[in-house]
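A.B. asks: Dropping a structure here in structure tokens format, bear with me for questions.
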Amino acid sequence: MTVSLILNRKRVTLDVDPSVPLLWAIRECAGLTGTKYGCGIAQCGACTVHLEGRAVRSCVTPVSAAAGKAVTTIEGVAGAAALAVQHAWEKLDVVQCGYCQPGQIMSAIALLEQTPVPTDDQIDAAMSGNICRCGTYVRIRAAIHDAASIHKG
Amino acid sequence: MSSGSQSAAPGRRRFLKACSSATGGLVLGFWLPQRSGRFAAAQIGAEQRAFTPNAFVRVAPDNTVTIISKHCEAGQGIHTGLATILAEELDADWAQIRVEPAPADRALYKNLQFGDQGTGGSNSIPNSWEQYRRAGATARAMLMSAAAKKWNVAESELVADRGAIKHELSARQARFGELAQAAALLPVPAEVTLKSPKNFKLIGAVRLPRIDGKPKTLGTAVFASDISLPGMLTAAVERPLRFGAAVRGFDPAAAKTAAGVTDVVQLSTGVAVVAKSFSAARRGRDLLRIDWDESKAETCSTPELIAEYRALLAQPGAIARRDGDCALALARAARTLSADFEYPYLAHVPMEPASTVVRLSADQCDIWTGDWGISEIQDDTARATGLKPEQIIIHSVYGGGGFGRVGNVSEAVEIAKAIGGRAPVKLLWTREQDIQTGAFRPMYLHRLTAGLDEQGNLIAWQHRIVGQSVLGGDPSWLVDGVDITSVAGASNIPYDIPNILVDLHTPASGVPVTQWRSVGDSHTAFSVETFLDDVAHAAGKDPYQFRLELLSKDPRSKAILQLTAPAPMRPSLFAKFPRDRQVMQLAAEKAGWGGPLPPGRGRGLAVHYSFHASLAYVAEVTVASDGSVKVDRVVCAVECGIAINPDVIRAQVEGGVAFGLGAILYSTVTLKQGRVEQSNFSDYRVLRMNEMPKVEVHIVDSEEPPSGIGEPTVPPIGPAVSNAIFAATGKRVRTLPLSTAV
């Protein structure tokens, strides 16, 4: 069985059972390992990718739901919001162990694309689904504000 | 355990060969005769140089400087820390620095406090401090010599600066890379001069970009679960849900029919399904039918355990600390207070569930892991495979969180063996397995009793602890029945109280337990610092002023009748006086202690010394009318010796606050008839973004040798928050997590 989708702007056909979660299709079939498994039940956000520009939890999204659609992973992010977020992440040295950070960054980019200058409450609402056990939340918040200031120009 | 000398030589040869063939540059090492003399005598032949090369740094002709980290990076910033120390003495440019994880080689890369290669106990920086400084200074000296020879000038006329050797008199300079090959031919100097701390440029710099910042931001950082090898298979395991249960039998037929499944094998810990992908392995695993033998399994439930522990609270235990005569003082006290505390089992839940990749052949076993006990993995794998320790090659990759987590290397090795090494195998645990079949921070019950005299002076302090020991198979640390890691933070309280008694019960249980970030201090600090607040309140004193009075004398000057601890730990059981007092004063000042707060808000203080660092936190909370708690702000003062990377220290404090706060507010593992009732982040709750307070970190200037900072950031947050809630509401909760009581 195969599923075709547009992965990081390239059309790919993956040899995969359509019921397999998008997470494992991305990691095991497409070989892109930036997207992480953390819980498997959409509780931690480590697997966050963009499906048609929206942040989704790929661990509970069957790959069939992405058929014919655009999927962006941490490896394929582009655009002003993505640049601003990754720049701020490095500038403020947000990361610690780093395992959750691709998911955090994907959520942050989706937030800024929807809400260019988010408030703290909007950051809470957008980011509370992404767990970080190292506790980098203080810096994630600061980096999103920093990225917003760059992003809006 | 195998001896270091057996595994050392081939490892070092392999390493040096790899270095020279890869770069053609300078491999520099050094020798610390005061620490490893026996090894030197055994290994050095007459034809060799007087100093055994011990490689920590490599300068390549392309001008990159590669620093070899003997400690594993799981977010604590140790790659950045070790690189900073070495680069400082080398006078390297930060932009030219790379870091590589060390291969498994106990002789070269042992933790100088453990004797084995491994990371933990917040001792990576302290045990490496002098070693990495010397390694850098040695490299610099040899580069200087090479430049002096090249230009035919005196070394005293040269300076090293940001990756170059300069001869200012003749306006000549050479980058390190240009001197690497010449330096490689020079003898390693016996003595090197270390910098005076006042000349540090990188150490203490406001911010050096983290070594791992870019790859972890781009998503290119590699964790064990990201490894892919040609022909690799992936395994999922079924493990018993009751601790101590064993496989009596199983029917692999259905699992074998699942698409992609190649093998179904029995393990000592359960049954593994091996397949072409994790999805396939999991589908196969779900079809397994296993008959578990639970005759020896743990069947306790949490309420029964609590009842059993509570009964022990009434009995005297093994004495961990005794000053004066506590019983007599309590009998004579004008007023006594007593309180019981309950601490749950806790899981580590690092973001990366345990993952390992193993490639096994007849004469070698390669392991990709983010786990920290490198020598232990090497020894265990050698035993399990029948190979020699030096045939076990460990590829140490980034760990997706540590915190004392449990790994699955031995299970992965067992699977590789069971399929005859036919293909490399990746083993992934699910989050559910991480939480339900791992090992936990033990559950503890505490009872504290205090006595006050007529004037409100604290004259007696009794602290009894009941809980399993995390030492497991290594009772060598037990002294007179006391596991120091169960009582750390309780038996070494710094407060000037004339009569102190701390004792311990260590019940056995089938529930597996292990270290959890900050170990004993994760619970003792909560009891000590919240109960001290209760005593201050009873005495009608401000908690800060009360502590100031109790911290006015050096605890080491006190006549302590008994303080049970392993000899190597004794010199550092107390902070250097008056560090605890200083951090408390700093935190109180920065937090505006005593200033007014609106109704519903409260401020709480806690000070705690652990892992050679003193920290004081002041927490500010808002308690809503429904009793829900929001922690608004935490002001932290830290004394951890010379601050190598102040920004990494700040990050660790911020993270320790989040880690500890999530635990005291929400986290618990409970058992029902031997089964863990929680399974994932949905019911094992940890802190999330919307619950994160503002954190302010103040680092005390210090000239003391550096301590670690990973663990000591955790203990003070719980009591600071509990004290703030008490200040806001007058209510005290002593059963954790707090959310179950609110």
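In the structure tokens, chains take the letters A, B, ... in the order shown, each chain's residues start at 1, and ligands count up from 1 in the order shown.
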I'd like the neighbourhood of Glu113 (chain A) as a ChimeraX atom specification, where a residue qualifies if any of its atoms comes within 12 Å (using only C-alpha atoms), though same-chain residues fewer than 3 positions away should be ignored.

C.D. replies: /A:50,53-55,78-85,106-110,116-118,126,144,147-148,151-152

A.B. asks: Write a file of the selected residues as a PDB file, in the first residue's frame, keeping C-alpha atoms.

C.D. replies:
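Result went into part_28.pdb, see below:
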```
ATOM      1  CA  HIS A  50       2.357  21.292   9.895  1.00  0.00           C
ATOM      2  CA  GLY A  53       0.081  24.984   7.470  1.00  0.00           C
ATOM      3  CA  ARG A  54      -1.692  23.943  10.670  1.00  0.00           C
ATOM      4  CA  ALA A  55       0.150  22.458  13.629  1.00  0.00           C
ATOM      5  CA  ALA A  78      10.896  28.033   5.574  1.00  0.00           C
ATOM      6  CA  GLY A  79       9.578  31.552   5.545  1.00  0.00           C
ATOM      7  CA  ALA A  80       9.843  34.624   7.720  1.00  0.00           C
ATOM      8  CA  ALA A  81       8.224  33.176  10.850  1.00  0.00           C
ATOM      9  CA  ALA A  82      10.374  30.048  10.739  1.00  0.00           C
ATOM     10  CA  LEU A  83      13.549  32.048  10.262  1.00  0.00           C
ATOM     11  CA  ALA A  84      12.636  34.389  13.096  1.00  0.00           C
ATOM     12  CA  VAL A  85      11.764  31.534  15.460  1.00  0.00           C
ATOM     13  CA  MET A 106       6.781  23.807  14.900  1.00  0.00           C
ATOM     14  CA  SER A 107       4.112  24.992  17.358  1.00  0.00           C
ATOM     15  CA  ALA A 108       5.803  28.375  17.722  1.00  0.00           C
ATOM     16  CA  ILE A 109       6.047  28.892  13.953  1.00  0.00           C
ATOM     17  CA  ALA A 110       2.382  27.996  13.498  1.00  0.00           C
ATOM     18  CA  PRO A 116       2.317  37.689  14.495  1.00  0.00           C
ATOM     19  CA  VAL A 117       2.561  39.368  17.913  1.00  0.00           C
ATOM     20  CA  PRO A 118       1.153  36.970  20.499  1.00  0.00           C
ATOM     21  CA  ALA A 126      -0.619  27.696  21.670  1.00  0.00           C
ATOM     22  CA  ILE A 144       8.604  33.678  20.827  1.00  0.00           C
ATOM     23  CA  ALA A 147      10.839  36.216  17.141  1.00  0.00           C
ATOM     24  CA  ALA A 148       7.614  38.227  17.030  1.00  0.00           C
ATOM     25  CA  HIS A 151       9.019  38.869  12.379  1.00  0.00           C
ATOM     26  CA  LYS A 152       6.806  41.946  12.448  1.00  0.00           C
TER      27      LYS A 152
END
```

A.B. asks: Please determine the contact residues of chain A with respect to chain B at a cut-off of 9 Å, counting only C-alpha atoms, and supply them as a ChimeraX atom specification.

C.D. replies: /A:20-21,24-25,27-29,31-41,43-44,46,74-75,86-87,89-102,105,120-121,123-125,127-141

A.B. asks: Could those selected residues go to a file with C-alpha atoms, as a PDB file, in the first residue's frame?

C.D. replies:
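What follows is the written file again19.pdb:
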```
ATOM      1  CA  VAL A  20       0.050   4.089  10.309  1.00  0.00           C
ATOM      2  CA  PRO A  21       0.442   7.373  12.185  1.00  0.00           C
ATOM      3  CA  TRP A  24       6.053   6.882  11.889  1.00  0.00           C
ATOM      4  CA  ALA A  25       5.571   7.346   8.166  1.00  0.00           C
ATOM      5  CA  ARG A  27      10.375   8.877  10.561  1.00  0.00           C
ATOM      6  CA  GLU A  28      10.539   5.348   9.229  1.00  0.00           C
ATOM      7  CA  CYS A  29       9.439   5.606   5.587  1.00  0.00           C
ATOM      8  CA  GLY A  31      13.665   8.877   6.986  1.00  0.00           C
ATOM      9  CA  LEU A  32      13.152  12.321   8.493  1.00  0.00           C
ATOM     10  CA  THR A  33      13.929  11.947  12.189  1.00  0.00           C
ATOM     11  CA  GLY A  34      13.634  15.533  13.428  1.00  0.00           C
ATOM     12  CA  THR A  35      10.000  14.829  14.355  1.00  0.00           C
ATOM     13  CA  LYS A  36       9.933  12.905  17.637  1.00  0.00           C
ATOM     14  CA  TYR A  37       7.830  10.312  19.399  1.00  0.00           C
ATOM     15  CA  GLY A  38       7.049  11.334  22.973  1.00  0.00           C
ATOM     16  CA  CYS A  39       3.685   9.926  24.010  1.00  0.00           C
ATOM     17  CA  GLY A  40       1.698   8.560  21.064  1.00  0.00           C
ATOM     18  CA  ILE A  41      -1.557  10.083  22.324  1.00  0.00           C
ATOM     19  CA  GLN A  43      -0.334  14.774  24.991  1.00  0.00           C
ATOM     20  CA  CYS A  44       3.225  16.078  24.628  1.00  0.00           C
ATOM     21  CA  ALA A  46       7.062  16.304  20.397  1.00  0.00           C
ATOM     22  CA  ILE A  74      11.310  20.683  11.175  1.00  0.00           C
ATOM     23  CA  GLU A  75      13.628  19.745   8.285  1.00  0.00           C
ATOM     24  CA  GLN A  86      14.903  29.504  14.813  1.00  0.00           C
ATOM     25  CA  HIS A  87      17.052  32.617  15.023  1.00  0.00           C
ATOM     26  CA  TRP A  89      15.862  29.967  19.627  1.00  0.00           C
ATOM     27  CA  GLU A  90      19.590  30.052  18.970  1.00  0.00           C
ATOM     28  CA  LYS A  91      20.076  33.589  20.178  1.00  0.00           C
ATOM     29  CA  LEU A  92      18.483  32.833  23.548  1.00  0.00           C
ATOM     30  CA  ASP A  93      19.894  29.293  23.759  1.00  0.00           C
ATOM     31  CA  VAL A  94      16.484  27.826  24.445  1.00  0.00           C
ATOM     32  CA  VAL A  95      17.411  24.165  24.093  1.00  0.00           C
ATOM     33  CA  GLN A  96      18.588  21.776  26.754  1.00  0.00           C
ATOM     34  CA  CYS A  97      18.235  18.094  25.876  1.00  0.00           C
ATOM     35  CA  GLY A  98      16.588  19.219  22.646  1.00  0.00           C
ATOM     36  CA  TYR A  99      14.296  16.230  22.135  1.00  0.00           C
ATOM     37  CA  CYS A 100      11.049  18.219  22.361  1.00  0.00           C
ATOM     38  CA  GLN A 101      12.389  21.282  20.562  1.00  0.00           C
ATOM     39  CA  PRO A 102      11.435  20.411  16.974  1.00  0.00           C
ATOM     40  CA  ILE A 105       9.496  25.140  17.214  1.00  0.00           C
ATOM     41  CA  ASP A 120       1.560  35.712  26.995  1.00  0.00           C
ATOM     42  CA  ASP A 121      -1.921  34.219  27.158  1.00  0.00           C
ATOM     43  CA  ILE A 123       1.566  31.822  23.890  1.00  0.00           C
ATOM     44  CA  ASP A 124       0.172  29.733  26.772  1.00  0.00           C
ATOM     45  CA  ALA A 125      -2.765  28.638  24.652  1.00  0.00           C
ATOM     46  CA  MET A 127       2.273  26.114  23.557  1.00  0.00           C
ATOM     47  CA  SER A 128       0.700  24.290  26.516  1.00  0.00           C
ATOM     48  CA  GLY A 129       0.347  21.151  24.431  1.00  0.00           C
ATOM     49  CA  ASN A 130       4.120  20.909  24.082  1.00  0.00           C
ATOM     50  CA  ILE A 131       5.815  19.426  27.136  1.00  0.00           C
ATOM     51  CA  CYS A 132       9.462  20.105  27.911  1.00  0.00           C
ATOM     52  CA  ARG A 133      10.835  18.060  30.780  1.00  0.00           C
ATOM     53  CA  CYS A 134      14.037  20.125  30.911  1.00  0.00           C
ATOM     54  CA  GLY A 135      11.757  23.077  31.641  1.00  0.00           C
ATOM     55  CA  THR A 136      12.837  25.479  28.926  1.00  0.00           C
ATOM     56  CA  TYR A 137       9.459  27.243  29.086  1.00  0.00           C
ATOM     57  CA  VAL A 138      10.889  30.566  30.296  1.00  0.00           C
ATOM     58  CA  ARG A 139      13.115  30.760  27.248  1.00  0.00           C
ATOM     59  CA  ILE A 140      10.526  29.448  24.823  1.00  0.00           C
ATOM     60  CA  ARG A 141       8.277  32.311  25.874  1.00  0.00           C
TER      61      ARG A 141
END
```

A.B. asks: List the neighbours of Ala559 (chain B) out to 9 Å using only C-alpha atoms; skip same-chain residues closer than 3 positions along the sequence, and give me the result as an MDAnalysis selection string.

C.D. replies: chainID B and resid 323:324 555:556

A.B. asks: Fewer than 2 positions away in the same chain doesn't count, so skip those; otherwise give me all residues within 6 Å of Arg603 (chain B), counting only C-alpha atoms, as a list in words.

C.D. replies: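 Returned residues: Ala619, Glu620 and Ala724 of chain B.
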
A.B. asks: Go ahead and dump the residues you just picked, N, CA and C atoms, as a PDB file, in the first residue's frame.

C.D. replies:
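The new file result-v1.pdb reads:
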```pdb
ATOM      1  N   ALA B 619       9.522  32.112  46.420  1.00  0.00           N
ATOM      2  CA  ALA B 619       8.411  31.926  45.473  1.00  0.00           C
ATOM      3  C   ALA B 619       7.272  32.858  45.844  1.00  0.00           C
ATOM      4  N   GLU B 620       6.615  33.373  44.832  1.00  0.00           N
ATOM      5  CA  GLU B 620       5.396  34.164  45.031  1.00  0.00           C
ATOM      6  C   GLU B 620       4.254  33.454  44.352  1.00  0.00           C
ATOM      7  N   ALA B 724       4.916  29.592  50.473  1.00  0.00           N
ATOM      8  CA  ALA B 724       4.174  30.734  49.917  1.00  0.00           C
ATOM      9  C   ALA B 724       2.668  30.494  50.012  1.00  0.00           C
TER      10      ALA B 724
END
```

A.B. asks: Within 8 Å of region 3-5 of chain A, counting only C-alpha atoms, which residues qualify if same-chain residues fewer than 2 places away don't, as a list in words?

C.D. replies: Met1, Leu7, Arg11, Val12, Thr13, Leu14, Asp15, Val16, Asp17, Pro18, Val63, Ser64, Ala66, Ala67, Gly68, Lys69, Ala70 and Val71 of chain A
